$ cat query.txt   # compact mmCIF, C-alpha atoms
# COMPACT_ATOMS: atom_id res chain seq x y z
CA MET A 1 24.37 -14.61 7.96
CA ARG A 2 22.44 -16.91 10.26
CA LEU A 3 18.67 -16.59 10.47
CA ASN A 4 16.64 -17.73 13.47
CA PHE A 5 12.89 -17.82 13.15
CA THR A 6 9.87 -20.01 13.86
CA VAL A 7 8.29 -21.91 10.98
CA ASN A 8 5.01 -23.71 11.48
CA GLY A 9 5.57 -23.69 15.24
CA ARG A 10 9.14 -25.03 15.08
CA ALA A 11 12.20 -22.99 16.05
CA THR A 12 14.44 -23.02 12.99
CA ALA A 13 17.96 -21.79 12.27
CA VAL A 14 19.44 -21.59 8.79
CA ASP A 15 23.00 -20.60 7.88
CA ASP A 16 24.72 -18.97 4.92
CA VAL A 17 21.76 -16.72 4.15
CA TRP A 18 22.74 -13.97 1.70
CA GLU A 19 21.76 -10.51 2.99
CA GLY A 20 19.66 -9.73 -0.10
CA GLU A 21 17.88 -13.06 -0.06
CA SER A 22 14.09 -13.30 0.21
CA LEU A 23 12.18 -15.19 2.87
CA LEU A 24 10.75 -17.26 0.02
CA TYR A 25 14.20 -18.48 -1.01
CA VAL A 26 15.03 -19.38 2.59
CA LEU A 27 11.82 -21.37 2.99
CA ARG A 28 12.15 -23.26 -0.28
CA GLU A 29 15.88 -23.78 -0.60
CA ARG A 30 17.17 -23.80 2.99
CA ALA A 31 14.27 -24.87 5.22
CA GLY A 32 12.90 -27.71 3.08
CA LEU A 33 9.48 -26.12 2.67
CA PRO A 34 8.71 -25.91 -1.07
CA GLY A 35 4.96 -25.33 -0.57
CA ALA A 36 5.12 -21.58 -1.17
CA LYS A 37 5.84 -21.21 -4.88
CA ASN A 38 8.30 -18.96 -6.66
CA ALA A 39 6.87 -17.31 -9.76
CA CYS A 40 6.90 -13.56 -10.35
CA GLU A 41 9.28 -12.44 -7.56
CA GLN A 42 7.57 -9.03 -7.57
CA GLY A 43 4.39 -9.46 -5.54
CA GLU A 44 2.11 -9.68 -8.56
CA CYS A 45 1.00 -13.33 -8.39
CA GLY A 46 0.51 -14.28 -4.73
CA SER A 47 1.93 -17.80 -5.23
CA CYS A 48 4.40 -17.30 -2.38
CA THR A 49 1.85 -16.10 0.20
CA VAL A 50 2.71 -17.11 3.77
CA TYR A 51 1.73 -15.80 7.19
CA LEU A 52 4.36 -13.55 8.79
CA ASP A 53 3.47 -12.85 12.43
CA GLY A 54 -0.14 -13.70 11.58
CA SER A 55 -0.54 -11.52 8.45
CA PRO A 56 -0.45 -12.92 4.92
CA VAL A 57 2.45 -11.50 2.92
CA CYS A 58 4.31 -12.23 -0.30
CA ALA A 59 7.37 -14.12 0.94
CA CYS A 60 9.31 -12.99 -2.15
CA LEU A 61 9.12 -9.38 -0.91
CA VAL A 62 10.27 -10.04 2.66
CA ALA A 63 14.03 -9.77 3.10
CA ALA A 64 15.13 -12.91 4.93
CA GLY A 65 16.76 -10.84 7.67
CA GLN A 66 13.42 -9.18 8.39
CA ALA A 67 12.08 -12.57 9.52
CA GLU A 68 14.67 -12.84 12.33
CA GLY A 69 12.79 -13.82 15.50
CA ARG A 70 9.45 -13.75 13.69
CA GLU A 71 6.82 -16.44 13.21
CA VAL A 72 6.15 -17.81 9.76
CA ARG A 73 3.32 -20.16 8.84
CA THR A 74 3.31 -21.75 5.41
CA VAL A 75 0.79 -23.91 3.57
CA GLU A 76 2.55 -26.92 5.12
CA GLY A 77 1.41 -25.64 8.52
CA LEU A 78 -2.29 -25.07 7.79
CA GLY A 79 -3.48 -28.59 8.64
CA GLY A 80 -2.47 -30.81 11.55
CA PRO A 81 -0.39 -34.00 11.42
CA GLY A 82 -1.95 -36.21 8.74
CA ARG A 83 -4.97 -33.91 8.58
CA LEU A 84 -5.98 -31.25 6.07
CA ASP A 85 -7.54 -27.92 7.04
CA PRO A 86 -11.24 -27.81 6.06
CA LEU A 87 -10.29 -25.21 3.43
CA GLN A 88 -7.83 -27.64 1.85
CA GLU A 89 -10.49 -30.38 1.86
CA ALA A 90 -12.93 -27.98 0.17
CA PHE A 91 -10.36 -27.17 -2.55
CA VAL A 92 -10.02 -30.90 -3.28
CA GLU A 93 -13.77 -31.56 -3.27
CA CYS A 94 -14.69 -28.57 -5.42
CA GLY A 95 -12.05 -29.14 -8.09
CA ALA A 96 -10.38 -25.85 -7.22
CA VAL A 97 -6.97 -27.33 -8.08
CA GLN A 98 -5.77 -27.86 -11.62
CA CYS A 99 -2.03 -27.47 -12.18
CA GLY A 100 -1.70 -26.64 -8.49
CA PHE A 101 0.94 -23.95 -8.73
CA CYS A 102 -1.23 -21.13 -7.35
CA THR A 103 -2.93 -23.38 -4.76
CA PRO A 104 -0.60 -22.90 -1.76
CA GLY A 105 -0.80 -19.12 -2.00
CA LEU A 106 -4.55 -19.15 -2.46
CA LEU A 107 -4.94 -21.49 0.53
CA VAL A 108 -2.98 -19.23 2.89
CA GLN A 109 -4.74 -16.08 1.65
CA ALA A 110 -8.24 -17.65 1.83
CA HIS A 111 -7.38 -19.18 5.22
CA ASP A 112 -6.67 -15.69 6.56
CA LEU A 113 -9.98 -14.41 5.15
CA LEU A 114 -11.94 -17.17 6.91
CA GLU A 115 -10.08 -16.51 10.18
CA ARG A 116 -11.23 -12.88 10.05
CA VAL A 117 -14.67 -13.14 8.37
CA THR A 118 -17.09 -15.92 9.24
CA HIS A 119 -19.53 -15.41 6.36
CA PRO A 120 -17.66 -13.59 3.60
CA SER A 121 -19.67 -12.16 0.72
CA ASP A 122 -18.57 -12.91 -2.84
CA ALA A 123 -17.24 -9.37 -3.07
CA GLU A 124 -15.16 -9.92 0.07
CA ILE A 125 -13.78 -13.22 -1.25
CA ARG A 126 -12.87 -11.60 -4.57
CA GLU A 127 -11.17 -8.66 -2.89
CA ALA A 128 -9.26 -10.96 -0.53
CA LEU A 129 -8.01 -13.12 -3.41
CA ALA A 130 -7.37 -10.24 -5.85
CA GLY A 131 -3.61 -10.65 -5.52
CA ASN A 132 -3.54 -14.39 -6.25
CA LEU A 133 -3.37 -15.28 -9.92
CA CYS A 134 -4.64 -18.63 -11.27
CA ARG A 135 -4.20 -19.30 -14.99
CA CYS A 136 -6.10 -22.64 -15.09
CA THR A 137 -9.39 -22.60 -13.25
CA GLY A 138 -11.10 -19.33 -14.16
CA TYR A 139 -11.54 -18.90 -10.38
CA GLU A 140 -15.14 -20.17 -10.19
CA LYS A 141 -14.20 -23.46 -8.50
CA ILE A 142 -11.91 -21.57 -6.15
CA LEU A 143 -14.80 -19.32 -5.11
CA ASP A 144 -16.97 -22.46 -4.63
CA ALA A 145 -14.30 -23.97 -2.39
CA VAL A 146 -13.97 -20.85 -0.23
CA ARG A 147 -17.76 -20.62 0.16
CA LEU A 148 -17.97 -24.31 1.12
CA ALA A 149 -15.13 -24.01 3.62
CA ALA A 150 -16.74 -20.89 5.11
CA GLU A 151 -20.01 -22.81 5.66
CA ARG A 152 -18.24 -25.75 7.27
CA LYS A 153 -16.02 -23.63 9.47
CA ALA A 154 -19.02 -21.55 10.59
CA ALA A 155 -21.00 -24.72 11.38
CA ALA A 156 -18.09 -26.11 13.43
CA ARG A 157 -17.74 -22.96 15.55
CA MET B 158 25.98 -6.71 1.22
CA GLU B 159 25.32 -5.93 4.86
CA PHE B 160 22.02 -6.34 6.69
CA LEU B 161 21.59 -3.63 9.31
CA ARG B 162 18.94 -4.12 11.95
CA PRO B 163 18.60 -1.00 14.13
CA GLN B 164 16.32 -1.38 17.15
CA THR B 165 15.80 2.35 17.72
CA TRP B 166 15.40 5.48 15.61
CA ALA B 167 18.69 6.87 16.92
CA GLU B 168 20.47 3.68 15.83
CA ALA B 169 18.82 3.89 12.41
CA LEU B 170 19.96 7.50 11.89
CA ALA B 171 23.49 6.62 13.03
CA ALA B 172 23.62 3.68 10.61
CA LYS B 173 22.39 5.83 7.71
CA ALA B 174 24.98 8.53 8.54
CA GLU B 175 27.78 5.98 8.62
CA LEU B 176 26.72 4.26 5.40
CA PRO B 177 24.65 6.69 3.28
CA GLY B 178 24.39 4.08 0.50
CA ALA B 179 22.37 1.77 2.77
CA VAL B 180 18.86 1.32 1.37
CA PRO B 181 16.09 1.59 3.96
CA ILE B 182 13.62 -1.28 3.78
CA GLN B 183 10.21 -1.34 5.41
CA GLY B 184 7.59 -3.58 3.73
CA GLY B 185 9.99 -4.43 0.90
CA THR B 186 7.32 -4.19 -1.78
CA ASP B 187 9.51 -1.92 -3.93
CA VAL B 188 13.03 -2.58 -2.63
CA MET B 189 12.87 -6.38 -2.84
CA VAL B 190 11.59 -6.29 -6.42
CA GLU B 191 14.74 -4.41 -7.42
CA ILE B 192 16.96 -6.84 -5.53
CA ASN B 193 15.17 -9.94 -6.84
CA PHE B 194 15.63 -8.68 -10.39
CA ASP B 195 19.23 -7.62 -9.93
CA VAL B 196 18.40 -4.00 -10.67
CA ARG B 197 20.07 -2.88 -7.48
CA ARG B 198 22.92 -4.16 -5.32
CA PRO B 199 23.18 -1.68 -2.43
CA PRO B 200 26.07 -1.98 0.02
CA ALA B 201 23.53 -2.60 2.78
CA LEU B 202 19.87 -3.02 3.58
CA LEU B 203 18.71 -0.94 6.54
CA ASP B 204 15.75 -2.83 8.02
CA LEU B 205 13.46 -0.33 9.75
CA THR B 206 10.75 -2.80 10.78
CA ARG B 207 12.12 -3.09 14.32
CA VAL B 208 11.98 0.65 15.04
CA ALA B 209 8.74 0.66 17.04
CA GLU B 210 7.97 4.39 16.84
CA LEU B 211 7.83 4.27 13.03
CA ALA B 212 4.83 1.94 13.29
CA ARG B 213 2.80 4.32 15.48
CA TRP B 214 0.46 7.22 14.75
CA SER B 215 -0.77 9.87 17.16
CA ALA B 216 -2.49 13.25 17.42
CA GLU B 217 -0.30 16.34 17.63
CA PRO B 218 -1.07 19.10 20.18
CA ASP B 219 -2.38 21.26 17.29
CA GLY B 220 -4.84 18.51 16.29
CA ARG B 221 -2.95 17.31 13.22
CA LEU B 222 -2.06 13.63 12.88
CA ARG B 223 1.49 12.33 12.90
CA VAL B 224 1.69 8.99 11.09
CA GLY B 225 4.92 7.02 11.35
CA ALA B 226 6.64 6.04 8.11
CA GLY B 227 6.22 2.34 8.99
CA VAL B 228 2.42 2.24 9.34
CA PRO B 229 1.25 -0.18 6.63
CA TYR B 230 -1.60 0.57 4.22
CA ALA B 231 -3.76 -2.09 5.91
CA ARG B 232 -3.68 -0.02 9.13
CA VAL B 233 -4.28 3.26 7.30
CA ILE B 234 -7.49 1.63 6.07
CA SER B 235 -8.56 -0.01 9.35
CA GLU B 236 -7.49 2.74 11.79
CA LEU B 237 -7.45 6.07 9.93
CA ALA B 238 -10.27 5.93 7.36
CA ASP B 239 -12.46 8.34 9.38
CA ARG B 240 -9.69 10.91 9.89
CA LEU B 241 -7.85 10.56 6.56
CA PRO B 242 -10.52 9.32 4.12
CA GLY B 243 -8.67 10.34 0.93
CA LEU B 244 -5.50 8.53 1.95
CA ALA B 245 -7.48 5.48 3.13
CA GLN B 246 -9.29 5.29 -0.22
CA ALA B 247 -5.95 5.48 -2.01
CA ALA B 248 -4.51 2.82 0.32
CA ARG B 249 -7.37 0.52 -0.57
CA THR B 250 -6.33 0.63 -4.23
CA VAL B 251 -2.72 -0.37 -3.51
CA GLY B 252 -1.78 -3.80 -4.88
CA SER B 253 -3.43 -6.67 -3.04
CA PRO B 254 -4.16 -7.49 0.62
CA GLN B 255 -0.70 -9.06 0.90
CA ILE B 256 0.92 -5.87 -0.41
CA ARG B 257 -1.23 -3.65 1.83
CA ASN B 258 -0.17 -5.70 4.86
CA ARG B 259 3.47 -4.77 4.19
CA GLY B 260 3.64 -1.61 2.08
CA THR B 261 3.78 1.77 3.81
CA VAL B 262 3.22 5.43 2.99
CA GLY B 263 6.83 5.98 4.09
CA GLY B 264 8.00 3.52 1.46
CA ASN B 265 5.84 5.20 -1.17
CA LEU B 266 7.54 8.51 -0.30
CA GLY B 267 10.97 6.90 -0.37
CA ALA B 268 10.38 5.36 -3.79
CA ALA B 269 8.87 8.65 -5.05
CA SER B 270 7.32 7.05 -8.10
CA PRO B 271 5.05 9.55 -9.86
CA ALA B 272 2.45 6.74 -9.85
CA GLY B 273 2.54 6.18 -6.06
CA ASP B 274 -1.01 6.10 -4.71
CA SER B 275 -0.30 7.99 -1.46
CA HIS B 276 0.92 11.15 -3.13
CA PRO B 277 -2.33 12.74 -4.43
CA PRO B 278 -4.08 12.60 -1.01
CA LEU B 279 -0.96 13.86 0.80
CA LEU B 280 -0.87 16.83 -1.61
CA ALA B 281 -4.61 17.50 -1.39
CA CYS B 282 -4.54 17.40 2.43
CA GLY B 283 -1.49 19.65 2.81
CA ALA B 284 0.67 16.99 4.46
CA VAL B 285 4.21 17.70 5.61
CA ILE B 286 6.92 15.04 5.41
CA GLU B 287 9.24 14.80 8.41
CA VAL B 288 12.75 13.68 7.57
CA GLU B 289 15.68 13.44 9.95
CA SER B 290 19.44 13.01 10.01
CA ALA B 291 21.78 12.40 12.92
CA ALA B 292 23.82 15.48 12.01
CA ARG B 293 21.11 18.09 11.38
CA GLY B 294 18.02 16.81 13.16
CA VAL B 295 14.45 17.04 11.87
CA ARG B 296 13.38 18.82 8.68
CA ALA B 297 9.71 19.32 7.77
CA VAL B 298 9.21 19.25 3.99
CA PRO B 299 5.76 20.11 2.56
CA ALA B 300 4.59 17.27 0.30
CA GLU B 301 4.64 19.52 -2.77
CA GLU B 302 8.35 20.23 -2.20
CA PHE B 303 9.21 16.61 -1.50
CA TYR B 304 8.88 15.21 -5.03
CA LEU B 305 11.76 16.38 -7.22
CA GLY B 306 11.60 14.09 -10.26
CA VAL B 307 10.82 10.58 -11.41
CA LYS B 308 11.78 8.43 -8.41
CA ARG B 309 13.69 11.37 -6.90
CA ASN B 310 12.77 13.03 -3.62
CA ALA B 311 14.14 15.72 -1.31
CA LEU B 312 15.97 13.31 1.00
CA GLU B 313 19.66 13.94 1.62
CA PRO B 314 21.89 10.82 1.58
CA ASP B 315 22.09 10.71 5.40
CA GLU B 316 18.37 11.31 6.00
CA LEU B 317 15.51 8.93 6.70
CA ILE B 318 11.76 9.50 6.43
CA LYS B 319 10.30 9.58 9.92
CA ALA B 320 6.60 10.41 9.51
CA PHE B 321 4.10 12.53 7.70
CA VAL B 322 2.03 15.12 9.54
CA THR B 323 -1.35 16.06 8.14
CA PRO B 324 -4.51 17.89 9.19
CA VAL B 325 -7.46 15.65 10.04
CA ALA B 326 -10.08 15.86 7.27
CA GLY B 327 -12.28 18.90 7.83
CA GLY B 328 -14.57 17.97 4.94
CA PRO B 329 -15.20 15.28 2.34
CA GLN B 330 -12.24 13.79 0.45
CA TYR B 331 -12.27 11.53 -2.58
CA PHE B 332 -9.51 9.64 -4.39
CA SER B 333 -9.97 7.99 -7.75
CA LYS B 334 -7.61 6.04 -9.97
CA VAL B 335 -7.68 4.71 -13.52
CA GLY B 336 -6.37 1.21 -14.16
CA THR B 337 -7.18 -2.00 -15.95
CA ARG B 338 -8.70 -3.78 -12.97
CA ASN B 339 -9.69 -3.17 -9.36
CA ALA B 340 -6.48 -4.56 -7.85
CA MET B 341 -2.79 -4.96 -8.64
CA VAL B 342 -2.80 -1.81 -10.73
CA ILE B 343 -0.15 0.84 -11.17
CA ALA B 344 -2.16 4.00 -11.77
CA VAL B 345 -2.61 5.16 -15.36
CA CYS B 346 -3.54 8.40 -13.65
CA SER B 347 -5.06 9.27 -10.30
CA PHE B 348 -6.62 12.25 -8.59
CA CYS B 349 -7.63 13.35 -5.11
CA VAL B 350 -9.77 16.27 -4.01
CA ALA B 351 -10.11 17.37 -0.38
CA LEU B 352 -12.64 20.00 0.64
CA HIS B 353 -11.52 22.30 3.44
CA PRO B 354 -14.81 24.09 4.27
CA ALA B 355 -13.40 25.95 7.29
CA GLU B 356 -10.86 27.60 4.97
CA ARG B 357 -13.34 27.87 2.08
CA ARG B 358 -11.01 26.13 -0.31
CA ALA B 359 -10.25 22.73 -1.78
CA GLY B 360 -6.94 20.88 -2.17
CA THR B 361 -6.02 18.70 -5.12
CA GLY B 362 -3.42 16.09 -6.01
CA ILE B 363 -2.60 14.57 -9.40
CA GLY B 364 -0.78 11.25 -9.72
CA SER B 365 0.92 9.43 -12.59
CA ALA B 366 0.45 12.26 -15.06
CA ALA B 367 3.68 14.26 -14.74
CA PRO B 368 7.30 13.54 -13.70
CA VAL B 369 6.20 14.30 -10.12
CA PRO B 370 2.88 14.13 -8.28
CA LEU B 371 1.52 17.67 -8.20
CA ARG B 372 -1.29 19.99 -7.15
CA ALA B 373 -3.58 21.54 -9.75
CA LEU B 374 -3.06 25.08 -8.44
CA ALA B 375 -5.15 26.94 -11.02
CA ALA B 376 -8.00 24.51 -10.41
CA GLU B 377 -7.73 25.11 -6.65
CA GLU B 378 -7.83 28.89 -7.16
CA PHE B 379 -10.84 28.49 -9.43
CA LEU B 380 -12.72 26.51 -6.75
CA ALA B 381 -11.77 28.96 -4.00
CA ALA B 382 -13.30 31.76 -6.09
CA GLU B 383 -16.37 29.93 -7.41
CA LEU B 384 -17.68 27.52 -4.77
CA ASP B 385 -20.64 28.79 -2.73
CA TRP B 386 -19.73 27.26 0.63
CA ALA B 387 -22.88 28.50 2.38
CA GLY B 388 -25.20 27.21 -0.34
CA THR B 389 -26.56 23.69 -0.61
CA ALA B 390 -27.17 23.68 -4.37
CA PRO B 391 -25.60 21.07 -6.62
CA LEU B 392 -22.61 22.22 -8.63
CA ALA B 393 -23.32 23.77 -12.02
CA PRO B 394 -22.24 21.63 -14.99
CA ALA B 395 -20.18 24.53 -16.36
CA LEU B 396 -18.24 24.77 -13.09
CA LEU B 397 -17.49 21.04 -13.13
CA THR B 398 -16.40 21.16 -16.76
CA ARG B 399 -14.05 24.08 -16.12
CA PHE B 400 -12.60 22.38 -13.05
CA GLY B 401 -11.94 19.24 -15.09
CA GLU B 402 -10.25 21.28 -17.82
CA LEU B 403 -8.00 23.05 -15.32
CA VAL B 404 -6.99 19.76 -13.68
CA GLY B 405 -6.23 18.20 -17.07
CA ALA B 406 -4.21 21.28 -18.04
CA ALA B 407 -2.16 21.10 -14.84
CA ALA B 408 -0.81 17.67 -15.77
CA ALA B 409 2.25 17.04 -17.94
CA PRO B 410 1.68 13.44 -18.97
CA ILE B 411 3.65 11.23 -21.35
CA ASP B 412 2.74 8.39 -23.70
CA ASP B 413 3.79 5.07 -22.21
CA VAL B 414 2.79 1.44 -22.01
CA ARG B 415 -0.08 2.21 -19.61
CA GLY B 416 -1.71 4.99 -21.64
CA THR B 417 -1.23 7.99 -23.89
CA ALA B 418 -0.73 11.55 -22.71
CA ALA B 419 -4.00 12.59 -24.34
CA TYR B 420 -5.90 9.79 -22.61
CA ARG B 421 -4.40 10.70 -19.25
CA ARG B 422 -5.40 14.34 -19.62
CA HIS B 423 -8.93 13.35 -20.62
CA ALA B 424 -9.24 10.77 -17.83
CA LEU B 425 -7.98 13.27 -15.25
CA SER B 426 -10.70 15.72 -16.27
CA VAL B 427 -13.29 12.99 -15.76
CA LEU B 428 -11.84 11.95 -12.38
CA ALA B 429 -11.74 15.58 -11.29
CA ARG B 430 -15.42 16.16 -12.16
CA ARG B 431 -16.53 12.93 -10.52
CA THR B 432 -14.56 13.27 -7.29
CA LEU B 433 -15.60 16.92 -6.87
CA THR B 434 -19.25 15.94 -7.44
CA TRP B 435 -19.07 13.19 -4.80
CA ALA B 436 -17.30 15.49 -2.34
CA TRP B 437 -19.68 18.41 -2.90
CA ASN B 438 -22.74 16.16 -2.52
CA ASP B 439 -21.39 14.95 0.85
CA HIS B 440 -20.72 18.55 1.83
CA ARG B 441 -24.28 19.60 0.88
CA LYS B 442 -25.78 16.73 2.89
CA ALA B 443 -23.71 17.71 5.92
CA ALA B 444 -24.77 21.36 5.50
CA GLU B 445 -28.45 20.37 5.26
CA ARG B 446 -28.17 18.28 8.43
CA CYS B 447 -26.73 21.28 10.26
CA ALA B 448 -29.40 23.67 8.95
$ encode --input "query.txt" --output "structure tokens"
Amino acid sequence: MRLNFTVNGRATAVDDVWEGESLLYVLRERAGLPGAKNACEQGECGSCTVYLDGSPVCACLVAAGQAEGREVRTVEGLGGPGRLDPLQEAFVECGAVQCGFCTPGLLVQAHDLLERVTHPSDAEIREALAGNLCRCTGYEKILDAVRLAAERKAAAR
Amino acid sequence: MEFLRPQTWAEALAAKAELPGAVPIQGGTDVMVEINFDVRRPPALLDLTRVAELARWSAEPDGRLRVGAGVPYARVISELADRLPGLAQAARTVGSPQIRNRGTVGGNLGAASPAGDSHPPLLACGAVIEVESAARGVRAVPAEEFYLGVKRNALEPDELIKAFVTPVAGGPQYFSKVGTRNAMVIAVCSFCVALHPAERRAGTGIGSAAPVPLRALAAEEFLAAELDWAGTAPLAPALLTRFGELVGAAAAPIDDVRGTAAYRRHALSVLARRTLTWAWNDHRKAAERCA
């Protein structure tokens, strides 16, 4: 089937989509957007987190056909042209990235938190990121990065 | 495989009647796992996310709430926590924020896993599940008659889950769940108690400790006989212990990878004592404020 949707602000059409295919597969294999990662395929790891109509979801659990006419925003769409989002800059500065596999999902999920909560508490950050697994960092640097980005975003408001 | 995209409830019912093997999909948090892992290859997916009325909730003329099968957990938490506190607490323990943004109580009912988090509060509150078919119209199934076995429910092949209808909380409600961490946990066991002071009784729901979610009926009868609704005294330790024993005895757990039957029974007794203590303390405080 053909799928029409908007990705990172651009109207996109992809063909030959299998009816049981996930949105994640469409993004990575048909739309040239490999940022969202494919790991557990069962919603356990959060590596494939993208915005669907403004809410973060596991793209592996969205049937591609459910995205028809919807708006998707991936990690590739967080920053502007040639410019990182302040959250991405904070991840780099704080050493919140090691192997990098979990990073895109964490970025989208933490981005949503900072859109909704200006000064998140540590408990709020932990709850927001509870569905994103990282096997390298031990999470401390990730928490540092989210706190730093929250400060900078609040100061810029 | 076909991908069916009804825009209205009538279209959805017609599609299900025509192709009873079509699998309804809402948030996809159960259905897509089975498809991703090749466990299931249904003839069609029936996408219900475009049927607007499934995503709404409203008050019935009799004061009960009707909650559409497509309302996600995130909205149960943000919009219904004051009216359905037990269900909102359970919703907050589902998966992760990403899962709560997509997963629905309707999907939990459709999957009918004994470990589903919605079931204990639906049982404790006396919820009724509304199912419908194009041929026979609406059927209202009490929650306790809806669960028939492990991942089996009372739906006929041509029926879809439309909504659940439940009284607004008339007293304190508490849900509690045992798992290895505070997120991303399939319940080892779970329990919900709902006080119904106007009726001088309490409802209960047990999860993940029998082939189906169930009420602890003997424990409910015990509370109806023993609780002093007019009093504001704390509960006697002996009453709490007996309540815990009766809840544990109502379960029919198995040994599996998440825990042993003996552990589940023990943990249920603890959850029952704790949740009843929290609920009764809230009830006492409310009674003192009124006095």
$ atom_distance --input "query.txt" --atom1 "CA of Ala326 in chain B" --atom2 "CA of Arg338 in chain B"
28.2 Å
$ residues_around --input "query.txt" --residues "Leu87 in chain A" --least-positions-apart "3" --cutoff "12 Å" --atoms "all atoms listed in the file" --output "ChimeraX atom specification"
/A:75,78-79,83-84,90-94,96,103-104,106-115,142-154
$ closest_residue --input "query.txt" --among "A:Leu27, A:Ala36, A:Val62, A:Cys48" --to "Asp204 in chain B" --atoms "only C-alpha atoms"
A:Val62
$ interface_residues --input "query.txt" --of "chain A" --to "chain B" --cutoff "9 Å" --atoms "only C-alpha atoms" --output "number ranges by chain"
A: 1, 18-22, 41-44, 46, 49, 55-58, 60-63, 65-66, 109, 127-132
$ residues_around --input "query.txt" --residues "range 9-15 of chain A" --least-positions-apart "5" --cutoff "12 Å" --atoms "all atoms listed in the file" --output "ChimeraX atom specification"
/A:1-4,23,25-33,51,53,64-65,67-74,76-78,80
$ write_last_selection --input "query.txt" --atoms "C-alpha atoms" --output "PDB file, keeping the file's coordinate frame"
ATOM      1  CA  MET A   1      24.370 -14.610   7.960  1.00  0.00           C
ATOM      2  CA  ARG A   2      22.440 -16.910  10.260  1.00  0.00           C
ATOM      3  CA  LEU A   3      18.670 -16.590  10.470  1.00  0.00           C
ATOM      4  CA  ASN A   4      16.640 -17.730  13.470  1.00  0.00           C
ATOM      5  CA  LEU A  23      12.180 -15.190   2.870  1.00  0.00           C
ATOM      6  CA  TYR A  25      14.200 -18.480  -1.010  1.00  0.00           C
ATOM      7  CA  VAL A  26      15.030 -19.380   2.590  1.00  0.00           C
ATOM      8  CA  LEU A  27      11.820 -21.370   2.990  1.00  0.00           C
ATOM      9  CA  ARG A  28      12.150 -23.260  -0.280  1.00  0.00           C
ATOM     10  CA  GLU A  29      15.880 -23.780  -0.600  1.00  0.00           C
ATOM     11  CA  ARG A  30      17.170 -23.800   2.990  1.00  0.00           C
ATOM     12  CA  ALA A  31      14.270 -24.870   5.220  1.00  0.00           C
ATOM     13  CA  GLY A  32      12.900 -27.710   3.080  1.00  0.00           C
ATOM     14  CA  LEU A  33       9.480 -26.120   2.670  1.00  0.00           C
ATOM     15  CA  TYR A  51       1.730 -15.800   7.190  1.00  0.00           C
ATOM     16  CA  ASP A  53       3.470 -12.850  12.430  1.00  0.00           C
ATOM     17  CA  ALA A  64      15.130 -12.910   4.930  1.00  0.00           C
ATOM     18  CA  GLY A  65      16.760 -10.840   7.670  1.00  0.00           C
ATOM     19  CA  ALA A  67      12.080 -12.570   9.520  1.00  0.00           C
ATOM     20  CA  GLU A  68      14.670 -12.840  12.330  1.00  0.00           C
ATOM     21  CA  GLY A  69      12.790 -13.820  15.500  1.00  0.00           C
ATOM     22  CA  ARG A  70       9.450 -13.750  13.690  1.00  0.00           C
ATOM     23  CA  GLU A  71       6.820 -16.440  13.210  1.00  0.00           C
ATOM     24  CA  VAL A  72       6.150 -17.810   9.760  1.00  0.00           C
ATOM     25  CA  ARG A  73       3.320 -20.160   8.840  1.00  0.00           C
ATOM     26  CA  THR A  74       3.310 -21.750   5.410  1.00  0.00           C
ATOM     27  CA  GLU A  76       2.550 -26.920   5.120  1.00  0.00           C
ATOM     28  CA  GLY A  77       1.410 -25.640   8.520  1.00  0.00           C
ATOM     29  CA  LEU A  78      -2.290 -25.070   7.790  1.00  0.00           C
ATOM     30  CA  GLY A  80      -2.470 -30.810  11.550  1.00  0.00           C
TER      31      GLY A  80
END
$ closest_residue --input "query.txt" --among "B:Ala291, B:Ala355, B:Ala297, B:Ile286" --to "Glu316 in chain B" --atoms "all atoms listed in the file"
B:Ala291
$ closest_residue --input "query.txt" --among "A:Asn8, A:Ser121, A:Asn38, A:Gln88" --to "Leu52 in chain A" --atoms "all atoms listed in the file"
A:Asn8
$ atom_distance --input "query.txt" --atom1 "CA of Asp413 in chain B" --atom2 "CA of Gly401 in chain B"
22.3 Å
